[in-house]
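J.: Here you go, this is start34.cif (mmCIF, N, CA and C atoms).
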```
data_query
loop_
_atom_site.group_PDB
_atom_site.id
_atom_site.type_symbol
_atom_site.label_atom_id
_atom_site.label_comp_id
_atom_site.auth_asym_id
_atom_site.auth_seq_id
_atom_site.Cartn_x
_atom_site.Cartn_y
_atom_site.Cartn_z
ATOM 1 N N MET A 63 0.818 -1.192 0.000
ATOM 2 C CA MET A 63 0.000 0.000 0.000
ATOM 3 C C MET A 63 0.857 1.250 0.000
ATOM 4 N N ALA A 64 1.800 1.327 -0.871
ATOM 5 C CA ALA A 64 2.677 2.479 -0.924
ATOM 6 C C ALA A 64 1.922 3.752 -1.259
ATOM 7 N N SER A 65 0.777 3.643 -1.935
ATOM 8 C CA SER A 65 -0.003 4.829 -2.284
ATOM 9 C C SER A 65 -0.635 5.477 -1.056
ATOM 10 N N ASN A 66 -0.655 4.787 0.070
ATOM 11 C CA ASN A 66 -1.270 5.319 1.276
ATOM 12 C C ASN A 66 -0.290 6.052 2.170
ATOM 13 N N VAL A 67 0.905 6.322 1.669
ATOM 14 C CA VAL A 67 1.910 6.975 2.484
ATOM 15 C C VAL A 67 1.727 8.481 2.398
ATOM 16 N N ILE A 68 1.534 9.105 3.542
ATOM 17 C CA ILE A 68 1.448 10.553 3.654
ATOM 18 C C ILE A 68 2.542 10.972 4.618
ATOM 19 N N ARG A 69 3.326 11.927 4.213
ATOM 20 C CA ARG A 69 4.335 12.493 5.115
ATOM 21 C C ARG A 69 3.869 13.890 5.483
ATOM 22 N N PHE A 70 3.708 14.116 6.771
ATOM 23 C CA PHE A 70 3.206 15.394 7.242
ATOM 24 C C PHE A 70 4.325 16.417 7.323
ATOM 25 N N GLY A 71 4.025 17.643 6.890
ATOM 26 C CA GLY A 71 4.997 18.722 6.938
ATOM 27 C C GLY A 71 5.082 19.338 8.331
ATOM 28 N N GLN A 72 6.034 20.260 8.483
ATOM 29 C CA GLN A 72 6.266 20.901 9.769
ATOM 30 C C GLN A 72 5.113 21.812 10.194
ATOM 31 N N HIS A 73 4.308 22.297 9.246
ATOM 32 C CA HIS A 73 3.199 23.196 9.578
ATOM 33 C C HIS A 73 2.070 22.474 10.322
ATOM 34 N N LEU A 74 1.949 21.171 10.121
ATOM 35 C CA LEU A 74 0.911 20.378 10.774
ATOM 36 C C LEU A 74 1.444 19.853 12.097
ATOM 37 N N LYS A 75 0.702 20.090 13.175
ATOM 38 C CA LYS A 75 1.188 19.737 14.513
ATOM 39 C C LYS A 75 0.486 18.522 15.115
ATOM 40 N N GLU A 76 -0.778 18.268 14.726
ATOM 41 C CA GLU A 76 -1.532 17.181 15.355
ATOM 42 C C GLU A 76 -2.764 16.870 14.519
ATOM 43 N N LEU A 77 -3.163 15.599 14.493
ATOM 44 C CA LEU A 77 -4.425 15.174 13.898
ATOM 45 C C LEU A 77 -5.243 14.438 14.944
ATOM 46 N N ARG A 78 -6.533 14.748 15.007
ATOM 47 C CA ARG A 78 -7.441 14.048 15.907
ATOM 48 C C ARG A 78 -8.578 13.468 15.087
ATOM 49 N N ILE A 79 -8.875 12.198 15.355
ATOM 50 C CA ILE A 79 -9.977 11.505 14.688
ATOM 51 C C ILE A 79 -10.965 11.079 15.756
ATOM 52 N N HIS A 80 -12.219 11.501 15.603
ATOM 53 C CA HIS A 80 -13.285 11.134 16.529
ATOM 54 C C HIS A 80 -14.259 10.213 15.806
ATOM 55 N N LEU A 81 -14.666 9.134 16.482
ATOM 56 C CA LEU A 81 -15.600 8.196 15.876
ATOM 57 C C LEU A 81 -16.414 7.474 16.930
ATOM 58 N N CYS A 82 -17.514 6.905 16.473
ATOM 59 C CA CYS A 82 -18.363 6.066 17.324
ATOM 60 C C CYS A 82 -18.014 4.599 17.020
ATOM 61 N N GLN A 83 -18.009 3.771 18.069
ATOM 62 C CA GLN A 83 -17.638 2.364 17.889
ATOM 63 C C GLN A 83 -18.693 1.557 17.135
ATOM 64 N N LYS A 84 -19.940 2.037 17.115
ATOM 65 C CA LYS A 84 -21.019 1.212 16.574
ATOM 66 C C LYS A 84 -21.837 1.856 15.467
ATOM 67 N N SER A 85 -21.868 3.177 15.349
ATOM 68 C CA SER A 85 -22.797 3.831 14.423
ATOM 69 C C SER A 85 -22.428 3.571 12.963
ATOM 70 N N ALA A 86 -23.440 3.580 12.126
ATOM 71 C CA ALA A 86 -23.247 3.379 10.690
ATOM 72 C C ALA A 86 -22.491 4.557 10.073
ATOM 73 N N THR A 87 -22.666 5.758 10.614
ATOM 74 C CA THR A 87 -21.985 6.934 10.063
ATOM 75 C C THR A 87 -20.470 6.874 10.286
ATOM 76 N N SER A 88 -20.022 6.083 11.243
ATOM 77 C CA SER A 88 -18.591 5.955 11.532
ATOM 78 C C SER A 88 -17.954 4.718 10.904
ATOM 79 N N LYS A 89 -18.704 3.948 10.120
ATOM 80 C CA LYS A 89 -18.172 2.716 9.553
ATOM 81 C C LYS A 89 -16.930 2.964 8.697
ATOM 82 N N GLY A 90 -16.967 3.986 7.870
ATOM 83 C CA GLY A 90 -15.819 4.300 7.023
ATOM 84 C C GLY A 90 -14.585 4.661 7.837
ATOM 85 N N VAL A 91 -14.795 5.346 8.972
ATOM 86 C CA VAL A 91 -13.676 5.716 9.841
ATOM 87 C C VAL A 91 -13.074 4.460 10.456
ATOM 88 N N ARG A 92 -13.920 3.548 10.903
ATOM 89 C CA ARG A 92 -13.413 2.293 11.467
ATOM 90 C C ARG A 92 -12.637 1.512 10.406
ATOM 91 N N ASP A 93 -13.156 1.483 9.172
ATOM 92 C CA ASP A 93 -12.455 0.814 8.071
ATOM 93 C C ASP A 93 -11.115 1.494 7.777
ATOM 94 N N PHE A 94 -11.099 2.824 7.829
ATOM 95 C CA PHE A 94 -9.860 3.576 7.617
ATOM 96 C C PHE A 94 -8.817 3.202 8.658
ATOM 97 N N ILE A 95 -9.225 3.133 9.915
ATOM 98 C CA ILE A 95 -8.305 2.786 10.998
ATOM 99 C C ILE A 95 -7.714 1.393 10.750
ATOM 100 N N GLU A 96 -8.552 0.463 10.345
ATOM 101 C CA GLU A 96 -8.090 -0.912 10.107
ATOM 102 C C GLU A 96 -7.164 -1.023 8.902
ATOM 103 N N SER A 97 -7.434 -0.272 7.830
ATOM 104 C CA SER A 97 -6.701 -0.490 6.590
ATOM 105 C C SER A 97 -5.581 0.509 6.307
ATOM 106 N N HIS A 98 -5.653 1.726 6.828
ATOM 107 C CA HIS A 98 -4.674 2.744 6.466
ATOM 108 C C HIS A 98 -3.856 3.304 7.627
ATOM 109 N N TYR A 99 -4.355 3.226 8.826
ATOM 110 C CA TYR A 99 -3.709 3.888 9.960
ATOM 111 C C TYR A 99 -2.261 3.435 10.164
ATOM 112 N N VAL A 100 -2.012 2.147 10.091
ATOM 113 C CA VAL A 100 -0.662 1.622 10.348
ATOM 114 C C VAL A 100 0.340 2.203 9.352
ATOM 115 N N ASN A 101 -0.006 2.265 8.075
ATOM 116 C CA ASN A 101 0.914 2.814 7.076
ATOM 117 C C ASN A 101 1.176 4.294 7.293
ATOM 118 N N VAL A 102 0.130 5.033 7.649
ATOM 119 C CA VAL A 102 0.299 6.463 7.913
ATOM 120 C C VAL A 102 1.192 6.662 9.130
ATOM 121 N N LYS A 103 0.972 5.883 10.165
ATOM 122 C CA LYS A 103 1.767 6.013 11.385
ATOM 123 C C LYS A 103 3.222 5.593 11.154
ATOM 124 N N LYS A 104 3.447 4.562 10.353
ATOM 125 C CA LYS A 104 4.815 4.144 10.039
ATOM 126 C C LYS A 104 5.562 5.238 9.282
ATOM 127 N N ALA A 105 4.846 5.969 8.424
ATOM 128 C CA ALA A 105 5.468 7.049 7.661
ATOM 129 C C ALA A 105 5.734 8.281 8.527
ATOM 130 N N ASN A 106 5.030 8.397 9.652
ATOM 131 C CA ASN A 106 5.149 9.545 10.554
ATOM 132 C C ASN A 106 5.209 9.055 11.998
ATOM 133 N N PRO A 107 6.264 8.336 12.383
ATOM 134 C CA PRO A 107 6.277 7.644 13.680
ATOM 135 C C PRO A 107 6.208 8.549 14.905
ATOM 136 N N THR A 108 6.691 9.769 14.819
ATOM 137 C CA THR A 108 6.663 10.645 15.997
ATOM 138 C C THR A 108 5.519 11.658 15.955
ATOM 139 N N PHE A 109 4.747 11.639 14.894
ATOM 140 C CA PHE A 109 3.663 12.599 14.740
ATOM 141 C C PHE A 109 2.449 12.159 15.568
ATOM 142 N N PRO A 110 1.833 13.091 16.329
ATOM 143 C CA PRO A 110 0.672 12.716 17.144
ATOM 144 C C PRO A 110 -0.614 12.606 16.318
ATOM 145 N N ILE A 111 -1.105 11.372 16.204
ATOM 146 C CA ILE A 111 -2.410 11.105 15.595
ATOM 147 C C ILE A 111 -3.261 10.514 16.711
ATOM 148 N N LEU A 112 -4.244 11.265 17.148
ATOM 149 C CA LEU A 112 -5.076 10.851 18.274
ATOM 150 C C LEU A 112 -6.388 10.288 17.753
ATOM 151 N N VAL A 113 -6.720 9.078 18.155
ATOM 152 C CA VAL A 113 -7.971 8.436 17.769
ATOM 153 C C VAL A 113 -8.831 8.340 19.016
ATOM 154 N N ARG A 114 -9.994 8.965 18.978
ATOM 155 C CA ARG A 114 -10.882 8.999 20.137
ATOM 156 C C ARG A 114 -12.224 8.380 19.778
ATOM 157 N N GLU A 115 -12.610 7.377 20.548
ATOM 158 C CA GLU A 115 -13.898 6.713 20.360
ATOM 159 C C GLU A 115 -14.852 7.162 21.455
ATOM 160 N N CYS A 116 -16.081 7.450 21.056
ATOM 161 C CA CYS A 116 -17.102 7.851 22.013
ATOM 162 C C CYS A 116 -18.453 7.462 21.436
ATOM 163 N N SER A 117 -19.271 6.854 22.234
ATOM 164 C CA SER A 117 -20.575 6.397 21.784
ATOM 165 C C SER A 117 -21.443 7.569 21.334
ATOM 166 N N GLY A 118 -21.969 7.468 20.111
ATOM 167 C CA GLY A 118 -22.902 8.452 19.593
ATOM 168 C C GLY A 118 -22.286 9.724 19.043
ATOM 169 N N VAL A 119 -20.969 9.821 18.988
ATOM 170 C CA VAL A 119 -20.316 11.039 18.507
ATOM 171 C C VAL A 119 -20.330 11.087 16.978
ATOM 172 N N GLU A 120 -20.388 12.298 16.431
ATOM 173 C CA GLU A 120 -20.299 12.468 14.987
ATOM 174 C C GLU A 120 -18.844 12.249 14.562
ATOM 175 N N PRO A 121 -18.592 11.425 13.543
ATOM 176 C CA PRO A 121 -17.206 11.202 13.125
ATOM 177 C C PRO A 121 -16.634 12.460 12.473
ATOM 178 N N LYS A 122 -15.415 12.825 12.892
ATOM 179 C CA LYS A 122 -14.773 14.013 12.324
ATOM 180 C C LYS A 122 -13.270 13.901 12.475
ATOM 181 N N MET A 123 -12.578 14.746 11.717
ATOM 182 C CA MET A 123 -11.133 14.820 11.788
ATOM 183 C C MET A 123 -10.759 16.281 11.995
ATOM 184 N N ALA A 124 -9.868 16.520 12.941
ATOM 185 C CA ALA A 124 -9.404 17.868 13.229
ATOM 186 C C ALA A 124 -7.899 17.919 13.060
ATOM 187 N N ALA A 125 -7.426 18.961 12.399
ATOM 188 C CA ALA A 125 -6.004 19.179 12.204
ATOM 189 C C ALA A 125 -5.608 20.463 12.916
ATOM 190 N N ARG A 126 -4.509 20.408 13.656
ATOM 191 C CA ARG A 126 -3.981 21.604 14.322
ATOM 192 C C ARG A 126 -2.684 21.981 13.626
ATOM 193 N N TYR A 127 -2.592 23.270 13.264
ATOM 194 C CA TYR A 127 -1.453 23.799 12.528
ATOM 195 C C TYR A 127 -0.651 24.754 13.410
ATOM 196 N N ASP A 128 0.353 25.370 12.798
ATOM 197 C CA ASP A 128 1.134 26.400 13.481
ATOM 198 C C ASP A 128 0.228 27.473 14.065
ATOM 199 N N PHE A 129 0.666 28.074 15.149
ATOM 200 C CA PHE A 129 -0.010 29.187 15.802
ATOM 201 C C PHE A 129 -1.413 28.833 16.298
ATOM 202 N N GLY A 130 -1.685 27.550 16.546
ATOM 203 C CA GLY A 130 -2.949 27.117 17.122
ATOM 204 C C GLY A 130 -4.131 27.113 16.182
ATOM 205 N N VAL A 131 -3.906 27.289 14.904
ATOM 206 C CA VAL A 131 -4.987 27.272 13.919
ATOM 207 C C VAL A 131 -5.491 25.844 13.774
ATOM 208 N N GLU A 132 -6.829 25.677 13.790
ATOM 209 C CA GLU A 132 -7.437 24.350 13.634
ATOM 210 C C GLU A 132 -8.425 24.328 12.491
ATOM 211 N N LYS A 133 -8.506 23.192 11.834
ATOM 212 C CA LYS A 133 -9.473 22.940 10.774
ATOM 213 C C LYS A 133 -10.125 21.604 11.075
ATOM 214 N N THR A 134 -11.455 21.603 11.136
ATOM 215 C CA THR A 134 -12.202 20.382 11.428
ATOM 216 C C THR A 134 -13.124 20.067 10.256
ATOM 217 N N THR A 135 -13.221 18.789 9.920
ATOM 218 C CA THR A 135 -14.120 18.367 8.850
ATOM 219 C C THR A 135 -14.864 17.109 9.287
ATOM 220 N N THR A 136 -16.101 17.003 8.861
ATOM 221 C CA THR A 136 -16.913 15.837 9.226
ATOM 222 C C THR A 136 -16.560 14.651 8.335
ATOM 223 N N LEU A 137 -16.672 13.458 8.882
ATOM 224 C CA LEU A 137 -16.377 12.224 8.162
ATOM 225 C C LEU A 137 -17.604 11.323 8.045
ATOM 226 N N SER A 138 -18.776 11.871 8.331
ATOM 227 C CA SER A 138 -20.006 11.076 8.326
ATOM 228 C C SER A 138 -20.247 10.410 6.980
ATOM 229 N N ASN A 139 -20.455 9.114 7.028
ATOM 230 C CA ASN A 139 -20.812 8.292 5.872
ATOM 231 C C ASN A 139 -19.769 8.282 4.757
ATOM 232 N N LEU A 140 -18.520 8.621 5.066
ATOM 233 C CA LEU A 140 -17.460 8.541 4.060
ATOM 234 C C LEU A 140 -16.833 7.155 4.073
ATOM 235 N N LYS A 141 -16.316 6.756 2.917
ATOM 236 C CA LYS A 141 -15.591 5.484 2.810
ATOM 237 C C LYS A 141 -14.135 5.708 3.221
ATOM 238 N N ALA A 142 -13.424 4.625 3.502
ATOM 239 C CA ALA A 142 -12.039 4.708 3.966
ATOM 240 C C ALA A 142 -11.159 5.481 2.986
ATOM 241 N N GLU A 143 -11.352 5.273 1.692
ATOM 242 C CA GLU A 143 -10.548 5.963 0.684
ATOM 243 C C GLU A 143 -10.836 7.462 0.690
ATOM 244 N N GLU A 144 -12.097 7.836 0.907
ATOM 245 C CA GLU A 144 -12.456 9.257 0.980
ATOM 246 C C GLU A 144 -11.842 9.905 2.224
ATOM 247 N N ILE A 145 -11.761 9.155 3.300
ATOM 248 C CA ILE A 145 -11.149 9.667 4.534
ATOM 249 C C ILE A 145 -9.656 9.869 4.316
ATOM 250 N N MET A 146 -9.028 8.975 3.570
ATOM 251 C CA MET A 146 -7.615 9.134 3.237
ATOM 252 C C MET A 146 -7.400 10.419 2.447
ATOM 253 N N LYS A 147 -8.272 10.704 1.486
ATOM 254 C CA LYS A 147 -8.175 11.937 0.701
ATOM 255 C C LYS A 147 -8.398 13.158 1.581
ATOM 256 N N THR A 148 -9.305 13.053 2.545
ATOM 257 C CA THR A 148 -9.544 14.145 3.489
ATOM 258 C C THR A 148 -8.295 14.408 4.307
ATOM 259 N N MET A 149 -7.645 13.344 4.767
ATOM 260 C CA MET A 149 -6.417 13.499 5.544
ATOM 261 C C MET A 149 -5.331 14.149 4.686
ATOM 262 N N GLU A 150 -5.196 13.726 3.438
ATOM 263 C CA GLU A 150 -4.218 14.320 2.540
ATOM 264 C C GLU A 150 -4.485 15.812 2.351
ATOM 265 N N ALA A 151 -5.759 16.181 2.194
ATOM 266 C CA ALA A 151 -6.123 17.591 2.010
ATOM 267 C C ALA A 151 -5.800 18.405 3.261
ATOM 268 N N LEU A 152 -6.102 17.862 4.429
ATOM 269 C CA LEU A 152 -5.793 18.574 5.670
ATOM 270 C C LEU A 152 -4.287 18.704 5.863
ATOM 271 N N ALA A 153 -3.548 17.693 5.478
ATOM 272 C CA ALA A 153 -2.089 17.730 5.628
ATOM 273 C C ALA A 153 -1.462 18.732 4.670
ATOM 274 N N ALA A 154 -2.097 18.979 3.539
ATOM 275 C CA ALA A 154 -1.551 19.894 2.533
ATOM 276 C C ALA A 154 -1.830 21.355 2.871
ATOM 277 N N LYS A 155 -2.841 21.643 3.685
ATOM 278 C CA LYS A 155 -3.188 23.029 4.020
ATOM 279 C C LYS A 155 -2.091 23.656 4.861
ATOM 280 N N SER A 156 -1.915 24.924 4.644
ATOM 281 C CA SER A 156 -0.922 25.636 5.444
ATOM 282 C C SER A 156 -1.567 26.735 6.258
#
```
Represent the structure of the file as structure tokens.
T.:
Amino acid sequence: MASNVIRFGQHLKELRIHLCQKSATSKGVRDFIESHYVNVKKANPTFPILVRECSGVEPKMAARYDFGVEKTTTLSNLKAEEIMKTMEALAAKS
């Protein structure tokens, strides 16, 4: 899965992923964690990627950049590949 390698730049400080363990809207996020998370983490071993599970929460991804700037996007009903593209887009923003 070499195509799933994302290297985060210095402008990105942290990624947080919120999901529900059981809801249908979080299924794509759970699939993403199972299929892509390990490769992303191997490519960025010291980068903080926080995965938070909470019953009934709306799935979303938040990126924190330099100077405390944050960007949050919803992941409801997205497939694992779409979540990967969302992560790539958040990582590319400055």
J.: Suppose a student applies the PyMOL selection byres ((chain A and resi 72-78) around 8) to this structure; what residues should they get, written as an MDAnalysis selection string?
T.: chainID A and resid 69:71 79:81 109:114 122:129 152:156
J.: So, counting only C-alpha atoms, which residue among A:Val131, A:Ala142, A:Cys116, A:Ile95 is closest to Cys82 in chain A?
T.: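 So, comparing all the options, the nearest one is A:Cys116.
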J.: Select, from A:Glu132, A:Lys147, A:Val67, A:Pro121, the residue with the minimum atom-to-atom distance to Val100 in chain A, counting only C-alpha atoms.
T.: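 Checking each candidate against Val100 in chain A, we get A:Val67 as the closest.
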J.: Grab the CA of Val119 in chain A to CA of Lys104 in chain A distance for me, in Å with one decimal place.
T.: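 Atom-to-atom, CA of Val119 in chain A and CA of Lys104 in chain A are spaced 27.4 Å apart.
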J.: Determine the residue set returned by the PyMOL selection byres (((chain A and resi 88 and name CA) around 10) and name CA) for the present structure, and present it as a list in words.
T.: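 Output from the PyMOL selection byres (((chain A and resi 88 and name CA) around 10) and name CA), applied to this file: His80, Leu81, Cys82, Gln83, Lys84, Ser85, Ala86, Thr87, Lys89, Gly90, Val91, Arg92, Asp93, Phe94, Gly118, Val119, Glu120, Pro121, Lys122, Leu137, Ser138, Asn139, Leu140 and Lys141 of chain A.
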J.: Apply DSSP to the backbone of this structure and, from chain A, keep only the residues in strand (DSSP E); write these as an MDAnalysis selection string.
T.: chainID A and resid 74:81 111:115 122:127 132:136
J.: Between atom C of Thr136 in chain A and atom C of Ala105 in chain A, what is the spacing in Å?
T.: 23.2 Å
J.: Using CA of Ala151 in chain A and atom N of Ile68 in chain A as the two end points, give the distance in Å to one decimal.
T.: 11.5 Å
J.: I need the alpha helix (DSSP H) residues of chain A per DSSP on the backbone, written as a PyMOL selection string.
T.: chain A and resi 89-97+99-105+142-154
J.: For range 129-140 of chain A, supply all heavy atoms and format the output as a compact mmCIF listing (two decimals), in the coordinates of the input.
T.:
```
# COMPACT_ATOMS: atom_id res chain seq x y z
N PHE A 129 0.67 28.07 15.15
CA PHE A 129 -0.01 29.19 15.80
C PHE A 129 -1.41 28.83 16.30
O PHE A 129 -2.27 29.70 16.44
CB PHE A 129 -0.07 30.41 14.87
CG PHE A 129 1.27 30.79 14.32
CD1 PHE A 129 1.58 30.59 12.98
CD2 PHE A 129 2.25 31.31 15.15
CE1 PHE A 129 2.82 30.92 12.47
CE2 PHE A 129 3.51 31.64 14.65
CZ PHE A 129 3.79 31.45 13.32
N GLY A 130 -1.68 27.55 16.55
CA GLY A 130 -2.95 27.12 17.12
C GLY A 130 -4.13 27.11 16.18
O GLY A 130 -5.27 26.93 16.61
N VAL A 131 -3.91 27.29 14.90
CA VAL A 131 -4.99 27.27 13.92
C VAL A 131 -5.49 25.84 13.77
O VAL A 131 -4.71 24.91 13.67
CB VAL A 131 -4.49 27.81 12.55
CG1 VAL A 131 -5.56 27.68 11.50
CG2 VAL A 131 -4.02 29.24 12.70
N GLU A 132 -6.83 25.68 13.79
CA GLU A 132 -7.44 24.35 13.63
C GLU A 132 -8.43 24.33 12.49
O GLU A 132 -9.09 25.32 12.22
CB GLU A 132 -8.16 23.93 14.92
CG GLU A 132 -7.21 23.51 16.01
CD GLU A 132 -7.88 22.64 17.07
OE1 GLU A 132 -8.99 22.13 16.84
OE2 GLU A 132 -7.26 22.49 18.12
N LYS A 133 -8.51 23.19 11.83
CA LYS A 133 -9.47 22.94 10.77
C LYS A 133 -10.12 21.60 11.08
O LYS A 133 -9.45 20.61 11.29
CB LYS A 133 -8.75 22.90 9.42
CG LYS A 133 -9.58 22.45 8.27
CD LYS A 133 -10.50 23.52 7.77
CE LYS A 133 -11.19 23.02 6.50
NZ LYS A 133 -12.48 23.55 6.31
N THR A 134 -11.46 21.60 11.14
CA THR A 134 -12.20 20.38 11.43
C THR A 134 -13.12 20.07 10.26
O THR A 134 -13.74 20.97 9.69
CB THR A 134 -13.04 20.55 12.71
OG1 THR A 134 -12.17 20.90 13.78
CG2 THR A 134 -13.78 19.27 13.06
N THR A 135 -13.22 18.79 9.92
CA THR A 135 -14.12 18.37 8.85
C THR A 135 -14.86 17.11 9.29
O THR A 135 -14.33 16.28 10.01
CB THR A 135 -13.34 18.12 7.53
OG1 THR A 135 -14.26 17.84 6.49
CG2 THR A 135 -12.35 17.00 7.68
N THR A 136 -16.10 17.00 8.86
CA THR A 136 -16.91 15.84 9.23
C THR A 136 -16.56 14.65 8.34
O THR A 136 -16.19 14.83 7.17
CB THR A 136 -18.41 16.16 9.13
OG1 THR A 136 -19.16 15.02 9.58
CG2 THR A 136 -18.85 16.52 7.73
N LEU A 137 -16.67 13.46 8.88
CA LEU A 137 -16.38 12.22 8.16
C LEU A 137 -17.60 11.32 8.04
O LEU A 137 -17.48 10.15 7.69
CB LEU A 137 -15.25 11.46 8.88
CG LEU A 137 -13.93 12.22 9.07
CD1 LEU A 137 -12.97 11.37 9.90
CD2 LEU A 137 -13.31 12.62 7.75
N SER A 138 -18.78 11.87 8.33
CA SER A 138 -20.01 11.08 8.33
C SER A 138 -20.25 10.41 6.98
O SER A 138 -20.23 11.07 5.93
CB SER A 138 -21.22 11.96 8.66
OG SER A 138 -21.13 12.42 9.98
N ASN A 139 -20.45 9.11 7.03
CA ASN A 139 -20.81 8.29 5.87
C ASN A 139 -19.77 8.28 4.76
O ASN A 139 -20.09 7.96 3.63
CB ASN A 139 -22.17 8.71 5.31
CG ASN A 139 -23.27 8.52 6.32
OD1 ASN A 139 -23.37 7.48 6.98
ND2 ASN A 139 -24.10 9.54 6.49
N LEU A 140 -18.52 8.62 5.07
CA LEU A 140 -17.46 8.54 4.06
C LEU A 140 -16.83 7.16 4.07
O LEU A 140 -16.81 6.49 5.09
CB LEU A 140 -16.37 9.58 4.34
CG LEU A 140 -16.75 11.05 4.23
CD1 LEU A 140 -15.54 11.92 4.51
CD2 LEU A 140 -17.34 11.38 2.86
```
